[in-house]
>>> print(open('entry-v2.txt').read())   # compact mmCIF, N, CA and C atoms
# COMPACT_ATOMS: atom_id res chain seq x y z
N MET K 1 96.09 148.19 132.31
CA MET K 1 95.59 147.18 133.21
C MET K 1 94.07 147.25 133.20
N HIS K 2 93.44 146.09 133.16
CA HIS K 2 91.98 145.99 133.12
C HIS K 2 91.38 146.44 134.45
N THR K 3 90.40 147.34 134.40
CA THR K 3 89.69 147.78 135.58
C THR K 3 88.29 147.16 135.55
N PRO K 4 87.96 146.33 136.56
CA PRO K 4 86.66 145.67 136.54
C PRO K 4 85.53 146.65 136.80
N ASP K 5 84.35 146.29 136.33
CA ASP K 5 83.14 147.07 136.58
C ASP K 5 82.81 146.99 138.06
N PRO K 6 82.74 148.13 138.79
CA PRO K 6 82.50 148.08 140.23
C PRO K 6 81.13 147.52 140.59
N ASP K 7 80.19 147.51 139.67
CA ASP K 7 78.86 146.99 139.95
C ASP K 7 78.73 145.49 139.67
N ALA K 8 79.69 144.93 138.97
CA ALA K 8 79.64 143.50 138.61
C ALA K 8 80.21 142.66 139.74
N ASP K 9 79.66 141.46 139.90
CA ASP K 9 80.21 140.53 140.88
C ASP K 9 81.52 139.99 140.36
N PRO K 10 82.53 139.86 141.24
CA PRO K 10 83.81 139.31 140.78
C PRO K 10 83.67 137.84 140.39
N VAL K 11 84.50 137.42 139.44
CA VAL K 11 84.53 136.04 139.00
C VAL K 11 85.89 135.47 139.42
N TYR K 12 85.85 134.39 140.20
CA TYR K 12 87.09 133.76 140.67
C TYR K 12 87.33 132.49 139.89
N ASP K 13 88.56 132.32 139.42
CA ASP K 13 88.95 131.13 138.68
C ASP K 13 90.04 130.42 139.48
N LEU K 14 89.63 129.65 140.48
CA LEU K 14 90.58 129.00 141.38
C LEU K 14 91.45 127.97 140.66
N SER K 15 90.99 127.48 139.53
CA SER K 15 91.78 126.49 138.79
C SER K 15 93.06 127.10 138.22
N ARG K 16 93.14 128.41 138.13
CA ARG K 16 94.32 129.06 137.57
C ARG K 16 95.24 129.63 138.66
N TRP K 17 94.87 129.47 139.92
CA TRP K 17 95.74 129.90 141.02
C TRP K 17 96.89 128.90 141.13
N TRP K 18 98.07 129.38 141.48
CA TRP K 18 99.21 128.51 141.69
C TRP K 18 100.18 129.13 142.68
N CYS K 19 101.05 128.28 143.18
CA CYS K 19 102.06 128.73 144.14
C CYS K 19 103.33 127.92 143.90
N VAL K 20 104.48 128.60 143.79
CA VAL K 20 105.76 127.95 143.56
C VAL K 20 106.70 128.36 144.68
N THR K 21 107.42 127.38 145.23
CA THR K 21 108.34 127.64 146.34
C THR K 21 109.73 127.15 146.00
N TRP K 22 110.72 127.94 146.36
CA TRP K 22 112.13 127.57 146.23
C TRP K 22 112.78 127.65 147.60
N GLN K 23 113.76 126.78 147.85
CA GLN K 23 114.50 126.82 149.10
C GLN K 23 116.00 126.83 148.83
N LYS K 24 116.72 127.36 149.81
CA LYS K 24 118.18 127.41 149.71
C LYS K 24 118.78 127.17 151.08
N VAL K 25 119.83 126.35 151.11
CA VAL K 25 120.60 126.14 152.34
C VAL K 25 121.85 126.99 152.23
N GLN K 26 122.11 127.78 153.24
CA GLN K 26 123.34 128.58 153.27
C GLN K 26 124.36 127.83 154.12
N PRO K 27 125.24 127.05 153.49
CA PRO K 27 126.12 126.15 154.24
C PRO K 27 127.20 126.85 155.06
N ASP K 28 127.51 128.10 154.77
CA ASP K 28 128.58 128.78 155.51
C ASP K 28 128.11 129.31 156.85
N ALA K 29 126.81 129.27 157.13
CA ALA K 29 126.29 129.72 158.42
C ALA K 29 126.39 128.56 159.42
N GLU K 30 126.54 128.86 160.69
CA GLU K 30 126.59 127.84 161.73
C GLU K 30 125.47 128.07 162.71
N PRO K 31 124.47 127.22 162.82
CA PRO K 31 124.16 126.10 161.95
C PRO K 31 123.64 126.60 160.61
N PRO K 32 123.53 125.71 159.62
CA PRO K 32 123.06 126.15 158.31
C PRO K 32 121.71 126.85 158.38
N VAL K 33 121.56 127.88 157.58
CA VAL K 33 120.33 128.65 157.54
C VAL K 33 119.54 128.25 156.30
N PHE K 34 118.25 127.97 156.49
CA PHE K 34 117.38 127.62 155.38
C PHE K 34 116.56 128.84 155.00
N ARG K 35 116.55 129.19 153.72
CA ARG K 35 115.81 130.33 153.21
C ARG K 35 114.77 129.84 152.21
N TYR K 36 113.72 130.61 152.04
CA TYR K 36 112.73 130.25 151.03
C TYR K 36 112.28 131.49 150.27
N TYR K 37 111.73 131.26 149.11
CA TYR K 37 111.14 132.31 148.27
C TYR K 37 109.89 131.69 147.66
N ARG K 38 108.77 132.38 147.78
CA ARG K 38 107.50 131.85 147.29
C ARG K 38 106.83 132.87 146.38
N LEU K 39 106.28 132.38 145.29
CA LEU K 39 105.56 133.21 144.33
C LEU K 39 104.19 132.57 144.11
N CYS K 40 103.12 133.30 144.40
CA CYS K 40 101.76 132.76 144.29
C CYS K 40 100.90 133.68 143.43
N LEU K 41 100.15 133.06 142.54
CA LEU K 41 99.16 133.78 141.74
C LEU K 41 97.80 133.55 142.36
N GLN K 42 97.07 134.62 142.60
CA GLN K 42 95.74 134.53 143.20
C GLN K 42 94.93 135.73 142.73
N GLN K 43 93.68 135.74 143.11
CA GLN K 43 92.81 136.87 142.81
C GLN K 43 92.46 137.58 144.10
N ASN K 44 92.34 138.90 144.02
CA ASN K 44 91.97 139.66 145.21
C ASN K 44 90.45 139.69 145.36
N LEU K 45 89.98 140.42 146.31
CA LEU K 45 88.55 140.49 146.61
C LEU K 45 87.72 140.93 145.42
N TRP K 46 88.27 141.71 144.54
CA TRP K 46 87.55 142.23 143.38
C TRP K 46 87.75 141.38 142.14
N GLY K 47 88.42 140.24 142.28
CA GLY K 47 88.61 139.34 141.15
C GLY K 47 89.81 139.68 140.28
N GLN K 48 90.60 140.68 140.67
CA GLN K 48 91.79 141.06 139.89
C GLN K 48 92.92 140.09 140.21
N TRP K 49 93.74 139.79 139.22
CA TRP K 49 94.88 138.90 139.40
C TRP K 49 96.01 139.63 140.10
N GLU K 50 96.66 138.95 141.03
CA GLU K 50 97.82 139.53 141.70
C GLU K 50 98.82 138.45 142.04
N LEU K 51 100.08 138.86 142.07
CA LEU K 51 101.18 137.98 142.47
C LEU K 51 101.57 138.33 143.89
N LEU K 52 101.72 137.32 144.70
CA LEU K 52 102.18 137.49 146.07
C LEU K 52 103.56 136.87 146.15
N ARG K 53 104.54 137.67 146.56
CA ARG K 53 105.91 137.19 146.74
C ARG K 53 106.22 137.22 148.23
N CYS K 54 106.67 136.11 148.77
CA CYS K 54 107.08 136.04 150.18
C CYS K 54 108.48 135.44 150.23
N TRP K 55 109.31 135.92 151.14
CA TRP K 55 110.61 135.33 151.30
C TRP K 55 111.10 135.56 152.72
N GLY K 56 111.99 134.69 153.16
CA GLY K 56 112.53 134.80 154.52
C GLY K 56 113.13 133.48 154.95
N ARG K 57 113.22 133.30 156.28
CA ARG K 57 113.78 132.08 156.85
C ARG K 57 112.69 131.04 157.01
N ILE K 58 113.00 129.81 156.72
CA ILE K 58 112.05 128.71 156.88
C ILE K 58 111.70 128.58 158.36
N GLY K 59 110.41 128.42 158.63
CA GLY K 59 109.95 128.24 160.00
C GLY K 59 109.62 129.53 160.72
N GLN K 60 109.81 130.66 160.07
CA GLN K 60 109.47 131.95 160.67
C GLN K 60 108.45 132.65 159.80
N LYS K 61 107.82 133.67 160.37
CA LYS K 61 106.90 134.48 159.57
C LYS K 61 107.68 135.08 158.40
N PRO K 62 106.98 135.33 157.28
CA PRO K 62 107.71 135.96 156.16
C PRO K 62 108.33 137.28 156.60
N THR K 63 109.61 137.44 156.32
CA THR K 63 110.26 138.70 156.67
C THR K 63 109.92 139.77 155.65
N ARG K 64 109.59 139.33 154.45
CA ARG K 64 109.21 140.27 153.38
C ARG K 64 108.02 139.72 152.62
N GLU K 65 107.17 140.61 152.18
CA GLU K 65 106.02 140.23 151.35
C GLU K 65 105.72 141.37 150.40
N ARG K 66 105.46 141.02 149.16
CA ARG K 66 105.14 142.04 148.16
C ARG K 66 104.02 141.54 147.28
N ARG K 67 103.04 142.39 147.02
CA ARG K 67 101.93 142.07 146.13
C ARG K 67 102.00 143.00 144.93
N GLU K 68 101.67 142.44 143.77
CA GLU K 68 101.59 143.28 142.58
C GLU K 68 100.46 142.77 141.70
N ARG K 69 99.73 143.67 141.11
CA ARG K 69 98.65 143.29 140.20
C ARG K 69 99.24 142.94 138.85
N VAL K 70 98.63 141.91 138.24
CA VAL K 70 99.00 141.52 136.88
C VAL K 70 97.73 141.45 136.05
N ASP K 71 97.87 141.62 134.75
CA ASP K 71 96.71 141.64 133.86
C ASP K 71 96.06 140.27 133.69
N SER K 72 96.87 139.21 133.75
CA SER K 72 96.34 137.88 133.45
C SER K 72 97.28 136.82 134.01
N PRO K 73 96.80 135.58 134.09
CA PRO K 73 97.70 134.49 134.49
C PRO K 73 98.86 134.31 133.51
N GLU K 74 98.64 134.62 132.25
CA GLU K 74 99.73 134.51 131.26
C GLU K 74 100.85 135.52 131.57
N ALA K 75 100.47 136.72 131.97
CA ALA K 75 101.48 137.73 132.35
C ALA K 75 102.24 137.27 133.59
N ALA K 76 101.53 136.64 134.51
CA ALA K 76 102.17 136.12 135.72
C ALA K 76 103.15 135.00 135.39
N GLU K 77 102.81 134.20 134.40
CA GLU K 77 103.68 133.09 134.00
C GLU K 77 105.02 133.61 133.47
N ALA K 78 105.01 134.70 132.75
CA ALA K 78 106.26 135.30 132.26
C ALA K 78 107.11 135.77 133.44
N ILE K 79 106.49 136.35 134.44
CA ILE K 79 107.21 136.78 135.64
C ILE K 79 107.77 135.57 136.38
N ARG K 80 106.96 134.50 136.47
CA ARG K 80 107.40 133.28 137.15
C ARG K 80 108.66 132.70 136.50
N ARG K 81 108.70 132.70 135.18
CA ARG K 81 109.88 132.18 134.48
C ARG K 81 111.12 133.02 134.82
N GLN K 82 110.97 134.33 134.88
CA GLN K 82 112.11 135.18 135.21
C GLN K 82 112.56 134.97 136.66
N VAL K 83 111.60 134.85 137.57
CA VAL K 83 111.94 134.60 138.98
C VAL K 83 112.64 133.25 139.11
N GLN K 84 112.16 132.24 138.40
CA GLN K 84 112.78 130.92 138.46
C GLN K 84 114.23 130.98 137.99
N LYS K 85 114.49 131.73 136.94
CA LYS K 85 115.86 131.89 136.44
C LYS K 85 116.74 132.53 137.51
N THR K 86 116.23 133.57 138.14
CA THR K 86 116.98 134.27 139.19
C THR K 86 117.22 133.36 140.39
N ARG K 87 116.20 132.61 140.80
CA ARG K 87 116.35 131.69 141.94
C ARG K 87 117.42 130.65 141.64
N ARG K 88 117.42 130.11 140.44
CA ARG K 88 118.46 129.12 140.06
C ARG K 88 119.85 129.73 140.15
N GLN K 89 120.00 130.98 139.67
CA GLN K 89 121.30 131.65 139.72
C GLN K 89 121.78 131.83 141.16
N HIS K 90 120.83 131.93 142.09
CA HIS K 90 121.18 132.09 143.51
C HIS K 90 121.17 130.76 144.25
N ARG K 91 121.15 129.66 143.49
CA ARG K 91 121.25 128.29 144.01
C ARG K 91 120.05 127.87 144.86
N TYR K 92 118.89 128.39 144.55
CA TYR K 92 117.66 127.92 145.18
C TYR K 92 117.18 126.69 144.42
N VAL K 93 116.49 125.78 145.13
CA VAL K 93 115.94 124.57 144.54
C VAL K 93 114.43 124.62 144.68
N ARG K 94 113.74 124.31 143.59
CA ARG K 94 112.28 124.31 143.64
C ARG K 94 111.79 123.11 144.43
N ILE K 95 110.80 123.34 145.30
CA ILE K 95 110.21 122.25 146.07
C ILE K 95 108.71 122.22 145.79
N GLU K 96 108.12 121.06 145.97
CA GLU K 96 106.68 120.90 145.75
C GLU K 96 105.94 121.27 147.04
N THR K 97 105.00 122.21 146.92
CA THR K 97 104.15 122.58 148.04
C THR K 97 102.72 122.63 147.55
N PRO K 98 101.80 122.00 148.29
CA PRO K 98 100.40 122.03 147.85
C PRO K 98 99.78 123.40 148.07
N LEU K 99 98.90 123.75 147.16
CA LEU K 99 98.14 124.99 147.32
C LEU K 99 96.98 124.66 148.25
N VAL K 100 97.01 125.27 149.42
CA VAL K 100 95.99 124.98 150.43
C VAL K 100 94.68 125.63 150.02
N ALA K 101 93.61 124.85 150.00
CA ALA K 101 92.28 125.38 149.66
C ALA K 101 91.75 126.12 150.87
N LEU K 102 91.49 127.40 150.70
CA LEU K 102 90.99 128.22 151.78
C LEU K 102 89.64 128.80 151.42
N ASP K 103 88.84 129.01 152.42
CA ASP K 103 87.59 129.76 152.23
C ASP K 103 88.00 131.19 151.87
N MET K 104 87.32 131.79 150.92
CA MET K 104 87.68 133.14 150.48
C MET K 104 87.68 134.14 151.64
N ALA K 105 86.83 133.93 152.64
CA ALA K 105 86.79 134.84 153.78
C ALA K 105 88.06 134.75 154.60
N ASP K 106 88.77 133.61 154.53
CA ASP K 106 90.00 133.42 155.29
C ASP K 106 91.24 133.83 154.52
N TRP K 107 91.10 134.30 153.28
CA TRP K 107 92.24 134.62 152.42
C TRP K 107 92.75 136.02 152.75
N THR K 108 93.41 136.14 153.90
CA THR K 108 93.96 137.42 154.36
C THR K 108 95.48 137.33 154.34
N THR K 109 96.13 138.46 154.51
CA THR K 109 97.59 138.47 154.55
C THR K 109 98.10 137.57 155.66
N GLU K 110 97.47 137.63 156.84
CA GLU K 110 97.91 136.82 157.97
C GLU K 110 97.75 135.34 157.66
N ASN K 111 96.60 134.95 157.13
CA ASN K 111 96.37 133.54 156.82
C ASN K 111 97.23 133.08 155.66
N THR K 112 97.45 133.94 154.69
CA THR K 112 98.32 133.58 153.58
C THR K 112 99.71 133.29 154.11
N ALA K 113 100.21 134.16 154.97
CA ALA K 113 101.55 133.96 155.53
C ALA K 113 101.61 132.68 156.35
N ARG K 114 100.60 132.41 157.15
CA ARG K 114 100.59 131.22 157.99
C ARG K 114 100.50 129.95 157.13
N CYS K 115 99.64 129.94 156.13
CA CYS K 115 99.45 128.74 155.32
C CYS K 115 100.61 128.48 154.38
N PHE K 116 101.25 129.54 153.90
CA PHE K 116 102.31 129.35 152.92
C PHE K 116 103.71 129.56 153.50
N ALA K 117 103.82 129.73 154.83
CA ALA K 117 105.13 129.94 155.43
C ALA K 117 105.97 128.69 155.22
N GLY K 118 107.21 128.86 154.79
CA GLY K 118 108.07 127.70 154.56
C GLY K 118 108.35 126.97 155.85
N LYS K 119 108.25 125.67 155.82
CA LYS K 119 108.51 124.83 157.00
C LYS K 119 109.54 123.78 156.63
N SER K 120 110.44 123.52 157.53
CA SER K 120 111.42 122.45 157.34
C SER K 120 110.95 121.22 158.09
N GLU K 121 110.81 120.11 157.40
CA GLU K 121 110.33 118.85 158.03
C GLU K 121 111.51 118.08 158.56
>>> encode(input="entry-v2.txt", output="structure tokens")
Amino acid sequence: MHTPDPDADPVYDLSRWWCVTWQKVQPDAEPPVFRYYRLCLQQNLWGQWELLRCWGRIGQKPTRERRERVDSPEAAEAIRRQVQKTRRQHRYVRIETPLVALDMADWTTENTARCFAGKSE
């Protein structure tokens, strides 16, 4: 894994950030339960690439969140393809969600969860 020079200023490439969301309705629950799974590629404070995975019930704070560093957006794309395959096998449907433009100072775990929390309209 690439280790950035601690004395160099980080370089952010916001054009390569992305976020993919899948949803699933569990019809056997009364009332039906809506679930979501979200995978986002972003850069951390030091400019390193990381994947943020969030999942839980729609309309609630993420019940689970996991971050992992990746070497590049291309490496993240391979992970995204595998996650998409798994989500399809579990009957999740991909939905379109806009990537909210945030000030870098506001890009915290709390704000990430609030901005990307699945909502049912």
>>> residues_around(input="entry-v2.txt", residues="K:Ser72", least_positions_apart="3", cutoff="8 Å", atoms="all atoms listed in the file", output="PDB file with N, CA and C atoms, in the coordinates of the input")
ATOM      1  N   HIS K   2      93.440 146.090 133.160  1.00  0.00           N
ATOM      2  CA  HIS K   2      91.980 145.990 133.120  1.00  0.00           C
ATOM      3  C   HIS K   2      91.380 146.440 134.450  1.00  0.00           C
ATOM      4  N   GLN K  48      90.600 140.680 140.670  1.00  0.00           N
ATOM      5  CA  GLN K  48      91.790 141.060 139.890  1.00  0.00           C
ATOM      6  C   GLN K  48      92.920 140.090 140.210  1.00  0.00           C
ATOM      7  N   TRP K  49      93.740 139.790 139.220  1.00  0.00           N
ATOM      8  CA  TRP K  49      94.880 138.900 139.400  1.00  0.00           C
ATOM      9  C   TRP K  49      96.010 139.630 140.100  1.00  0.00           C
ATOM     10  N   GLU K  50      96.660 138.950 141.030  1.00  0.00           N
ATOM     11  CA  GLU K  50      97.820 139.530 141.700  1.00  0.00           C
ATOM     12  C   GLU K  50      98.820 138.450 142.040  1.00  0.00           C
ATOM     13  N   ARG K  69      99.730 143.670 141.110  1.00  0.00           N
ATOM     14  CA  ARG K  69      98.650 143.290 140.200  1.00  0.00           C
ATOM     15  C   ARG K  69      99.240 142.940 138.850  1.00  0.00           C
ATOM     16  N   ALA K  75     100.470 136.720 131.970  1.00  0.00           N
ATOM     17  CA  ALA K  75     101.480 137.730 132.350  1.00  0.00           C
ATOM     18  C   ALA K  75     102.240 137.270 133.590  1.00  0.00           C
ATOM     19  N   ALA K  76     101.530 136.640 134.510  1.00  0.00           N
ATOM     20  CA  ALA K  76     102.170 136.120 135.720  1.00  0.00           C
ATOM     21  C   ALA K  76     103.150 135.000 135.390  1.00  0.00           C
ATOM     22  N   GLU K  77     102.810 134.200 134.400  1.00  0.00           N
ATOM     23  CA  GLU K  77     103.680 133.090 134.000  1.00  0.00           C
ATOM     24  C   GLU K  77     105.020 133.610 133.470  1.00  0.00           C
TER      25      GLU K  77
END
>>> atom_distance(input="entry-v2.txt", atom1="atom N of K:Tyr12", atom2="atom C of K:Lys61")
28.4 Å
>>> residues_around(input="entry-v2.txt", residues="K:Trp22", least_positions_apart="3", cutoff="10 Å", atoms="only C-alpha atoms", output="number ranges by chain")
K: 35-39, 55, 84, 87-88, 91-97, 118
